[in-house]
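What follows is a short report on a single structure.
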Amino acid sequence: MDVVGTIGLYESQLTQVDCENVRSARRSRRKGNGRRMEANRPSSSHPVMDTEPIISYGVDIDTCTVGGFGENNDIEFVDVDADVDVDSEPEPDDDSDDDNPVYGSFPHTGDHQDHNSQWTFDEGPQLRYKAGVDAALTFDPLDACGVEKLKLWNERTKELELGQLFETKDHVKRAVKLWSIKENREFKVRESTPTTWYVRCRARTSVPSCNWQLRATLRKSHKMWMIVTLAEKHTCVRVCGNNDHRQLSGDIIAEHIIPHIMNGPVYRIKEIQTSVKKEFHVDISYKKAWYGRRRTIDIVYGDWPTSVAQLPTYVQELQYTNPGTVVVWDHHPLSISSSPIFDYIFWAFAPAIEGFRHLKPVICVDGTFLKGPYRGKILTAVAFDADNHLFPLAFALVDEENNRSWSWFMRLLRIQVCGDIQNICVISDRHHGIINAMRTLPEWREPLAVHRFCLVHVRSNFTQKFKNQRLKELVWAAGSANQPRKYEEYMQQIFTLNAEAYAWLTGGSVRPVQWALCKDGGYRWGHTSTNMAECFNNLMRDTRMLPITACIRFTLNQTVDLFVENLKITKDQVYPLPKKSWKKYLANEENGRAHSVRVYDPVRGVFCITTAHRQSHRGGNAQTVDLTNQTCTCGKWRELRFPCSHVFAACFRSRINPMTLVAPEYTFSAYQSTFAGHFYPLRDTKYWSTADLRLHILDDRLKQKTPGPLRTARIRNEMDRMCPDAPRRCSNCLQPGHTAPNCPYSGYFYQ
């Protein structure tokens, strides 16, 4: 029976089609194995649907209009009844109201119903929901004869509807999880196959029982997942001992915190718990938050096996865009040519290698551990620029700090970075691997280089054996003294307090030339510790939990930022020396004007300088300055290569410009040349060429699994306490005599 008068209907209305014609057409399609028969195609008097492209934006999109049949349809009308048995799915309740018909059903033929009357839906087909009763979809929403809108997931409302479409099964799971979290209910998966996903309420056996359930299936007609069975509301009362939720999985947490992890790899567990509580109103455990963060890091930065496999391609692109960058591999001894195993990697950037030739020949080396699931140590070599700031030189990733790894790193540092530069001073702690490398490698033997110990580590080793606060203070005073006279005074006091301690410092474990500033011959340039290397390790504190490719990218970004910042400073510079050096120059100049000067040899430039008396009864000391040999008995000029206040006083008397006595490494021209190199950004990954090298990593690099999260903090030792003899204090009230668990003021918190 033809339908007339349908051309004037609105697009939001669904045109009535004769029930008998529709049913006959569907039966014909079943007989034709899902193919639409020519005899059953709609006649010209029947309106058909023009379809527009379907684009999913998480909202309902009109996809059908009333009008003529277009030639190019974006939806292929394939009957799903030939492939999916609709009768096998739960049917809706028969007691349906005529005013609110079931989605897709047609009016019943009875005495009260006129077959010839037209009927339309004012706002589209409605679904009948009833708590505790399953609503089922009896036809495919993408069938042109049955629907006007596609029901898509709305991220803002997080509501489920019968007939909703999803691209994949994972999208269905995610939507149902988010809806369940919003409704504060939990479900249990009863069936999960490649084409079906069926869940029921977890409290179905409770009293009263809950009949909520949902079924989604993969429709072969349009290759999308669709909700075909749904009960709208739960009838159970959720009773639980905490405010956690089973469906708030690590993937949901990872999706929520991805923007934070992209800004920086560290997002504190307490901050994650607070953010999840604010967003989902759920209290998650420390473990769930930790694994959610670990999952996010894997998504953003990749996991270790994947990172190692991608590392050769990344390094190849790095060397292509920044020529001169050095990358050296060292494969595992068990490697074969066809399947190399990752063991060590060394890298140094070309602008940093060129910049080191304009710096003081002083290098600090140190190592720090990784925080991720794989064992490893990052070895770092840093230098000092003309303004005494950090300047990263080279890096390496090894398995452990031992003789083999440190010898490999130090050899490459000399060959690839230092080159033919001589009189290099290497400052480090007393690690046996570094000591062995400096003794055995011919590239680092004197006079090519000298090895000096960090005074902070020497004092720490000394304090572990001799626990006395006064001895600790004297060791630091003796090691940092510029004048031999003061050094001898402090060492005499140490001998008086403890002769064994004096023997330990003068050759028992270390030699004075290795730790005392006035005994090393001026190789240190005034630097007593490896604090610069420790500072860079602190910068990498958050990155050390990331895979190797992300670590290299971090070192690249930090070095680039350092060059960019200093290049801006050089453009705005108005002084003849860098900022810190210029302040020091002005301070020495001011102090030199107050000194008394007596000339002893104007030809050779020998002067006797008497310092001014101060209110603290200090001063009045006599120092001898020799301008020809560039020495001063205070020791600072020889050690720092920078004129002290006594030299300024002598220059004023002899009318010599003190700027000419400043070492070239401190000048502004050296500062500019240090950061004159250029970095270039890496191209988009689409333009990268795949490297021929294929690496993988052995499982023995995995850390031993222990209960609880992995330790990511350094074990605190004596260097972290101001006084080793001081009693331990409560971390809550800062008072001695008890610890935080037994603190009588546990309800109060002190800063």
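For the structure tokens, the naming scheme is as follows: chains receive sequential letters (A, B, ...) according to their order of presentation, residues are indexed from 1 within each chain, and ligands are indexed from 1 in presentation order.
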Lys579 (chain A) environment, 12 Å, only C-alpha atoms, sequence neighbours closer than 4 positions dropped, as a ChimeraX atom specification = /A:385-389,566,569-570,572-575,583-586,666-668,671
Using the chain letters and numbers from this document, which residues of region 475-724 of chain A does DSSP assign to alpha helix (DSSP H), as a PyMOL selection string?
-> chain A and resi 475-480+484-497+499-503+512-515+531-539+548-572+579-593+636-640+645-654+668-674
Output the selection as a compact mmCIF listing (two decimals), in the first residue's frame - C-alpha atoms for each residue.
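Writing the result to out15.txt gives the following:
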```txt
# COMPACT_ATOMS: atom_id res chain seq x y z
CA VAL A 475 88.93 18.26 57.07
CA TRP A 476 86.81 20.65 55.03
CA ALA A 477 88.84 23.67 56.19
CA ALA A 478 92.14 21.99 55.29
CA GLY A 479 90.90 20.79 51.91
CA SER A 480 89.52 24.17 50.80
CA PRO A 484 99.78 26.24 52.59
CA ARG A 485 100.16 28.02 55.94
CA LYS A 486 96.47 27.61 56.77
CA TYR A 487 96.51 24.02 55.53
CA GLU A 488 99.32 23.15 57.92
CA GLU A 489 97.50 24.77 60.84
CA TYR A 490 94.35 22.72 60.26
CA MET A 491 96.28 19.48 59.76
CA GLN A 492 98.14 20.07 63.02
CA GLN A 493 94.84 20.37 64.85
CA ILE A 494 93.67 17.09 63.29
CA PHE A 495 96.88 15.39 64.42
CA THR A 496 96.34 16.69 67.96
CA LEU A 497 92.78 15.35 68.11
CA ALA A 499 96.71 10.77 65.04
CA GLU A 500 95.03 7.91 63.18
CA ALA A 501 92.80 10.39 61.35
CA TYR A 502 95.87 12.42 60.37
CA ALA A 503 97.51 9.28 58.97
CA PRO A 512 96.88 15.38 50.09
CA VAL A 513 97.47 16.11 46.41
CA GLN A 514 94.18 14.31 45.63
CA TRP A 515 91.89 16.24 47.97
CA ASN A 531 78.45 19.30 42.67
CA MET A 532 77.87 20.18 39.01
CA ALA A 533 77.54 16.51 38.08
CA GLU A 534 75.24 15.99 41.06
CA CYS A 535 73.16 18.96 39.90
CA PHE A 536 72.67 17.43 36.47
CA ASN A 537 71.75 14.10 38.05
CA ASN A 538 69.15 16.00 40.03
CA LEU A 539 67.78 17.45 36.80
CA ILE A 548 66.51 4.91 27.15
CA THR A 549 65.15 6.80 24.13
CA ALA A 550 63.31 9.22 26.39
CA CYS A 551 66.49 9.71 28.47
CA ILE A 552 68.49 10.67 25.38
CA ARG A 553 65.72 13.00 24.28
CA PHE A 554 65.77 14.62 27.73
CA THR A 555 69.53 15.23 27.64
CA LEU A 556 69.12 16.72 24.16
CA ASN A 557 66.34 19.06 25.31
CA GLN A 558 68.27 20.14 28.40
CA THR A 559 71.38 20.90 26.39
CA VAL A 560 69.39 22.79 23.77
CA ASP A 561 67.66 24.86 26.46
CA LEU A 562 71.05 25.62 28.01
CA PHE A 563 72.45 26.86 24.70
CA VAL A 564 69.35 28.95 23.93
CA GLU A 565 69.37 30.59 27.36
CA ASN A 566 73.06 31.46 27.20
CA LEU A 567 72.81 32.74 23.64
CA LYS A 568 70.18 35.20 24.83
CA ILE A 569 72.54 36.29 27.61
CA THR A 570 75.40 36.87 25.20
CA LYS A 571 73.23 39.13 23.04
CA ASP A 572 72.22 41.26 26.03
CA LYS A 579 77.91 38.16 34.97
CA LYS A 580 79.42 36.18 37.86
CA SER A 581 82.98 36.79 36.76
CA TRP A 582 82.30 40.51 36.42
CA LYS A 583 80.86 40.68 39.95
CA LYS A 584 83.94 38.94 41.25
CA TYR A 585 86.16 41.32 39.30
CA LEU A 586 84.44 44.37 40.81
CA ALA A 587 84.61 42.93 44.33
CA ASN A 588 88.36 42.26 44.08
CA GLU A 589 88.90 45.69 42.62
CA GLU A 590 87.09 47.35 45.52
CA ASN A 591 89.01 45.34 48.12
CA GLY A 592 92.33 46.05 46.38
CA ARG A 593 91.89 49.79 46.77
CA LYS A 636 94.16 32.28 44.79
CA TRP A 637 95.71 33.69 41.62
CA ARG A 638 97.54 30.46 40.83
CA GLU A 639 94.53 28.28 41.66
CA LEU A 640 91.77 30.29 39.98
CA SER A 645 92.53 41.70 45.44
CA HIS A 646 96.31 41.77 46.13
CA VAL A 647 97.04 41.65 42.40
CA PHE A 648 94.60 44.50 41.82
CA ALA A 649 96.49 46.62 44.36
CA ALA A 650 99.79 45.88 42.61
CA CYS A 651 98.28 46.70 39.20
CA PHE A 652 97.07 50.07 40.47
CA ARG A 653 100.59 50.98 41.61
CA SER A 654 102.25 49.78 38.38
CA PHE A 668 83.33 37.16 27.24
CA SER A 669 84.73 36.04 23.88
CA ALA A 670 85.24 32.54 25.28
CA TYR A 671 81.71 32.64 26.65
CA GLN A 672 80.35 33.48 23.21
CA SER A 673 82.44 30.85 21.48
CA THR A 674 81.29 28.18 23.92
```
So which bits of region 458-689 of chain A end up strand (DSSP E) when you DSSP the backbone, as a VMD selection string?
-> chain A and resid 596 to 601 606 to 610 622 to 626 631 to 632
Take the residues just selected and output them with all heavy atoms as a short mmCIF file (atom, residue, chain, number, x, y, z; two decimals), in the first residue's frame.
```
data_model
loop_
_atom_site.label_atom_id
_atom_site.label_comp_id
_atom_site.auth_asym_id
_atom_site.auth_seq_id
_atom_site.Cartn_x
_atom_site.Cartn_y
_atom_site.Cartn_z
N SER A 596 97.48 48.30 51.38
CA SER A 596 98.71 49.10 51.33
C SER A 596 99.72 48.39 50.45
O SER A 596 99.89 47.16 50.53
CB SER A 596 99.29 49.30 52.73
OG SER A 596 98.35 49.97 53.57
N VAL A 597 100.44 49.15 49.62
CA VAL A 597 101.35 48.56 48.64
C VAL A 597 102.76 49.12 48.87
O VAL A 597 102.96 50.32 49.03
CB VAL A 597 100.90 48.88 47.20
CG1 VAL A 597 101.84 48.25 46.19
CG2 VAL A 597 99.46 48.42 46.98
N ARG A 598 103.74 48.20 48.88
CA ARG A 598 105.16 48.59 48.95
C ARG A 598 105.88 47.91 47.78
O ARG A 598 105.81 46.68 47.61
CB ARG A 598 105.78 48.17 50.27
CG ARG A 598 107.26 48.59 50.40
CD ARG A 598 107.80 48.19 51.76
NE ARG A 598 107.15 48.95 52.80
CZ ARG A 598 107.52 50.16 53.22
NH1 ARG A 598 108.55 50.76 52.63
NH2 ARG A 598 106.89 50.77 54.20
N VAL A 599 106.58 48.72 46.99
CA VAL A 599 107.27 48.22 45.80
C VAL A 599 108.64 47.70 46.21
O VAL A 599 109.41 48.40 46.87
CB VAL A 599 107.41 49.33 44.74
CG1 VAL A 599 108.11 48.78 43.50
CG2 VAL A 599 106.05 49.91 44.39
N TYR A 600 108.98 46.47 45.75
CA TYR A 600 110.28 45.87 46.01
C TYR A 600 111.11 45.74 44.73
O TYR A 600 112.34 45.79 44.78
CB TYR A 600 110.11 44.50 46.67
CG TYR A 600 109.90 44.58 48.16
CD1 TYR A 600 108.65 44.91 48.69
CD2 TYR A 600 110.94 44.35 49.04
CE1 TYR A 600 108.44 44.99 50.05
CE2 TYR A 600 110.76 44.43 50.42
CZ TYR A 600 109.50 44.75 50.92
OH TYR A 600 109.33 44.85 52.28
N ASP A 601 110.48 45.51 43.62
CA ASP A 601 111.21 45.40 42.35
C ASP A 601 110.27 45.85 41.24
O ASP A 601 109.47 45.06 40.73
CB ASP A 601 111.68 43.96 42.12
CG ASP A 601 112.67 43.84 40.96
OD1 ASP A 601 112.69 44.76 40.11
OD2 ASP A 601 113.40 42.85 40.91
N VAL A 606 107.52 43.03 41.61
CA VAL A 606 107.39 42.38 42.91
C VAL A 606 106.91 43.42 43.91
O VAL A 606 107.51 44.49 44.07
CB VAL A 606 108.73 41.76 43.37
CG1 VAL A 606 108.57 41.11 44.73
CG2 VAL A 606 109.20 40.75 42.33
N PHE A 607 105.82 43.09 44.61
CA PHE A 607 105.21 44.02 45.55
C PHE A 607 104.87 43.29 46.84
O PHE A 607 104.59 42.07 46.84
CB PHE A 607 103.92 44.63 44.97
CG PHE A 607 104.11 45.34 43.67
CD1 PHE A 607 104.04 44.65 42.46
CD2 PHE A 607 104.36 46.69 43.63
CE1 PHE A 607 104.19 45.30 41.26
CE2 PHE A 607 104.53 47.36 42.43
CZ PHE A 607 104.44 46.67 41.24
N CYS A 608 104.84 44.03 47.91
CA CYS A 608 104.37 43.53 49.20
C CYS A 608 103.04 44.23 49.51
O CYS A 608 103.00 45.47 49.63
CB CYS A 608 105.39 43.80 50.31
SG CYS A 608 104.83 43.23 51.94
N ILE A 609 102.00 43.45 49.64
CA ILE A 609 100.66 43.98 49.84
C ILE A 609 100.23 43.67 51.27
O ILE A 609 100.25 42.50 51.70
CB ILE A 609 99.66 43.37 48.84
CG1 ILE A 609 100.21 43.44 47.40
CG2 ILE A 609 98.32 44.05 48.95
CD1 ILE A 609 100.46 44.85 46.91
N THR A 610 99.83 44.69 51.99
CA THR A 610 99.32 44.53 53.36
C THR A 610 97.83 44.79 53.35
O THR A 610 97.38 45.88 52.94
CB THR A 610 100.02 45.50 54.33
OG1 THR A 610 101.43 45.30 54.26
CG2 THR A 610 99.54 45.28 55.75
N ALA A 622 100.36 40.26 55.32
CA ALA A 622 101.24 40.66 54.23
C ALA A 622 101.29 39.56 53.19
O ALA A 622 101.54 38.39 53.51
CB ALA A 622 102.63 40.99 54.75
N GLN A 623 101.08 39.90 51.91
CA GLN A 623 101.13 38.97 50.79
C GLN A 623 102.09 39.52 49.74
O GLN A 623 102.15 40.73 49.51
CB GLN A 623 99.74 38.77 50.17
CG GLN A 623 98.67 38.36 51.15
CD GLN A 623 98.89 36.96 51.71
OE1 GLN A 623 99.69 36.18 51.18
NE2 GLN A 623 98.18 36.62 52.79
N THR A 624 102.84 38.62 49.11
CA THR A 624 103.81 39.00 48.09
C THR A 624 103.24 38.69 46.71
O THR A 624 102.81 37.56 46.45
CB THR A 624 105.14 38.26 48.28
OG1 THR A 624 105.65 38.55 49.59
CG2 THR A 624 106.14 38.68 47.23
N VAL A 625 103.27 39.69 45.83
CA VAL A 625 102.75 39.55 44.47
C VAL A 625 103.91 39.66 43.49
O VAL A 625 104.72 40.60 43.58
CB VAL A 625 101.69 40.62 44.17
CG1 VAL A 625 101.23 40.53 42.72
CG2 VAL A 625 100.50 40.46 45.11
N ASP A 626 104.00 38.71 42.56
CA ASP A 626 105.01 38.73 41.50
C ASP A 626 104.27 38.76 40.17
O ASP A 626 103.73 37.73 39.71
CB ASP A 626 105.91 37.50 41.59
CG ASP A 626 107.09 37.55 40.62
OD1 ASP A 626 107.05 38.39 39.69
OD2 ASP A 626 108.02 36.76 40.79
N THR A 631 102.17 35.12 40.35
CA THR A 631 101.96 34.39 41.60
C THR A 631 101.62 35.37 42.71
O THR A 631 102.02 36.55 42.67
CB THR A 631 103.21 33.59 42.00
OG1 THR A 631 104.31 34.51 42.18
CG2 THR A 631 103.56 32.55 40.95
N CYS A 632 100.90 34.86 43.68
CA CYS A 632 100.58 35.59 44.90
C CYS A 632 100.60 34.58 46.03
O CYS A 632 100.09 33.45 45.88
CB CYS A 632 99.23 36.29 44.81
SG CYS A 632 98.76 37.19 46.30
#
```
Looking at only C-alpha atoms, which of A:Leu318, A:Val228, A:Ala612, A:Ala676 is the one that sits closest to Ile353 (chain A)?
->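 For Ile353 (chain A), the nearest of the candidates is A:Ala676.
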Can you list, as a PyMOL selection string, every protein, DNA or RNA residue that comes within 9 Å of Thr530 (chain A) when you count only C-alpha atoms, leaving out same-chain residues fewer than 3 positions away?
-> chain A and resi 363-366+427-429+453-457+527+533-535
Using only C-alpha atoms, which residues sit within 9 Å of Leu178 (chain A) once same-chain residues fewer than 2 positions away are excluded, as a list in words?
->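 Here the qualifying residues turn out to be Lys158, Lys173, Arg174, Ala175, Val176, Ser180, Ile181, Lys182, Glu183, Gln247, Leu248, Ile252 and Phe280 of chain A.
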Using only all heavy atoms, please write the residues we just selected to a file, as a compact mmCIF listing (two decimals), in the first residue's frame.
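Just written: result.txt:
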```
# COMPACT_ATOMS: atom_id res chain seq x y z
N LYS A 158 27.98 10.92 29.22
CA LYS A 158 28.30 9.56 29.65
C LYS A 158 27.04 8.74 29.91
O LYS A 158 26.88 8.09 30.93
CB LYS A 158 29.19 9.56 30.90
CG LYS A 158 30.56 10.17 30.70
CD LYS A 158 31.38 10.09 31.97
CE LYS A 158 32.80 10.60 31.77
NZ LYS A 158 32.83 12.02 31.37
N LYS A 173 33.72 -1.20 26.04
CA LYS A 173 34.14 -1.44 27.43
C LYS A 173 34.39 -0.13 28.15
O LYS A 173 33.96 0.06 29.30
CB LYS A 173 35.41 -2.30 27.45
CG LYS A 173 35.22 -3.72 26.96
CD LYS A 173 36.55 -4.47 27.04
CE LYS A 173 36.41 -5.90 26.58
NZ LYS A 173 37.70 -6.63 26.66
N ARG A 174 35.08 0.76 27.48
CA ARG A 174 35.39 2.04 28.13
C ARG A 174 34.13 2.82 28.46
O ARG A 174 34.00 3.39 29.55
CB ARG A 174 36.30 2.86 27.21
CG ARG A 174 36.61 4.24 27.72
CD ARG A 174 37.48 5.01 26.72
NE ARG A 174 37.65 6.38 27.14
CZ ARG A 174 36.78 7.35 26.87
NH1 ARG A 174 35.68 7.08 26.17
NH2 ARG A 174 37.01 8.58 27.30
N ALA A 175 33.18 2.85 27.53
CA ALA A 175 31.95 3.59 27.77
C ALA A 175 31.15 3.00 28.92
O ALA A 175 30.63 3.73 29.78
CB ALA A 175 31.10 3.61 26.49
N VAL A 176 31.05 1.68 28.98
CA VAL A 176 30.30 1.04 30.05
C VAL A 176 31.00 1.25 31.39
O VAL A 176 30.36 1.45 32.43
CB VAL A 176 30.11 -0.46 29.74
CG1 VAL A 176 29.38 -1.16 30.89
CG2 VAL A 176 29.32 -0.63 28.45
N SER A 180 29.33 3.15 34.52
CA SER A 180 29.21 2.46 35.81
C SER A 180 29.87 3.25 36.93
O SER A 180 29.37 3.29 38.06
CB SER A 180 29.84 1.06 35.71
OG SER A 180 29.19 0.28 34.74
N ILE A 181 31.00 3.89 36.62
CA ILE A 181 31.66 4.72 37.63
C ILE A 181 30.77 5.91 37.98
O ILE A 181 30.64 6.28 39.15
CB ILE A 181 33.03 5.18 37.13
CG1 ILE A 181 33.97 3.98 36.96
CG2 ILE A 181 33.64 6.20 38.07
CD1 ILE A 181 35.26 4.32 36.25
N LYS A 182 30.13 6.49 36.98
CA LYS A 182 29.24 7.62 37.23
C LYS A 182 28.03 7.20 38.05
O LYS A 182 27.59 7.94 38.94
CB LYS A 182 28.79 8.23 35.90
CG LYS A 182 27.89 9.45 36.03
CD LYS A 182 27.59 10.05 34.68
CE LYS A 182 26.65 9.15 33.90
NZ LYS A 182 25.27 9.20 34.42
N GLU A 183 27.52 6.02 37.78
CA GLU A 183 26.35 5.53 38.51
C GLU A 183 26.72 4.86 39.84
O GLU A 183 25.82 4.46 40.59
CB GLU A 183 25.58 4.53 37.65
CG GLU A 183 24.99 5.13 36.38
CD GLU A 183 23.88 6.11 36.69
OE1 GLU A 183 23.19 5.91 37.72
OE2 GLU A 183 23.71 7.06 35.91
N GLN A 247 35.67 -1.03 38.34
CA GLN A 247 35.77 -0.67 36.93
C GLN A 247 36.70 0.51 36.68
O GLN A 247 36.98 0.84 35.53
CB GLN A 247 34.38 -0.34 36.39
CG GLN A 247 33.66 -1.55 35.80
CD GLN A 247 33.31 -2.59 36.85
OE1 GLN A 247 32.61 -2.29 37.81
NE2 GLN A 247 33.78 -3.82 36.68
N LEU A 248 37.17 1.18 37.74
CA LEU A 248 38.15 2.24 37.56
C LEU A 248 39.53 1.60 37.43
O LEU A 248 40.30 1.52 38.37
CB LEU A 248 38.10 3.23 38.72
CG LEU A 248 38.96 4.50 38.57
CD1 LEU A 248 38.59 5.25 37.31
CD2 LEU A 248 38.81 5.39 39.79
N ILE A 252 41.76 3.55 32.57
CA ILE A 252 40.96 4.76 32.77
C ILE A 252 41.79 5.82 33.47
O ILE A 252 41.75 7.01 33.11
CB ILE A 252 39.70 4.43 33.57
CG1 ILE A 252 38.84 3.37 32.85
CG2 ILE A 252 38.88 5.68 33.83
CD1 ILE A 252 38.27 3.84 31.55
N PHE A 280 36.28 11.52 39.33
CA PHE A 280 35.38 10.37 39.36
C PHE A 280 34.71 10.15 40.71
O PHE A 280 33.88 9.23 40.83
CB PHE A 280 36.15 9.10 38.98
CG PHE A 280 36.78 9.15 37.62
CD1 PHE A 280 38.15 9.34 37.47
CD2 PHE A 280 36.02 9.02 36.48
CE1 PHE A 280 38.74 9.39 36.22
CE2 PHE A 280 36.60 9.07 35.22
CZ PHE A 280 37.96 9.26 35.09
```
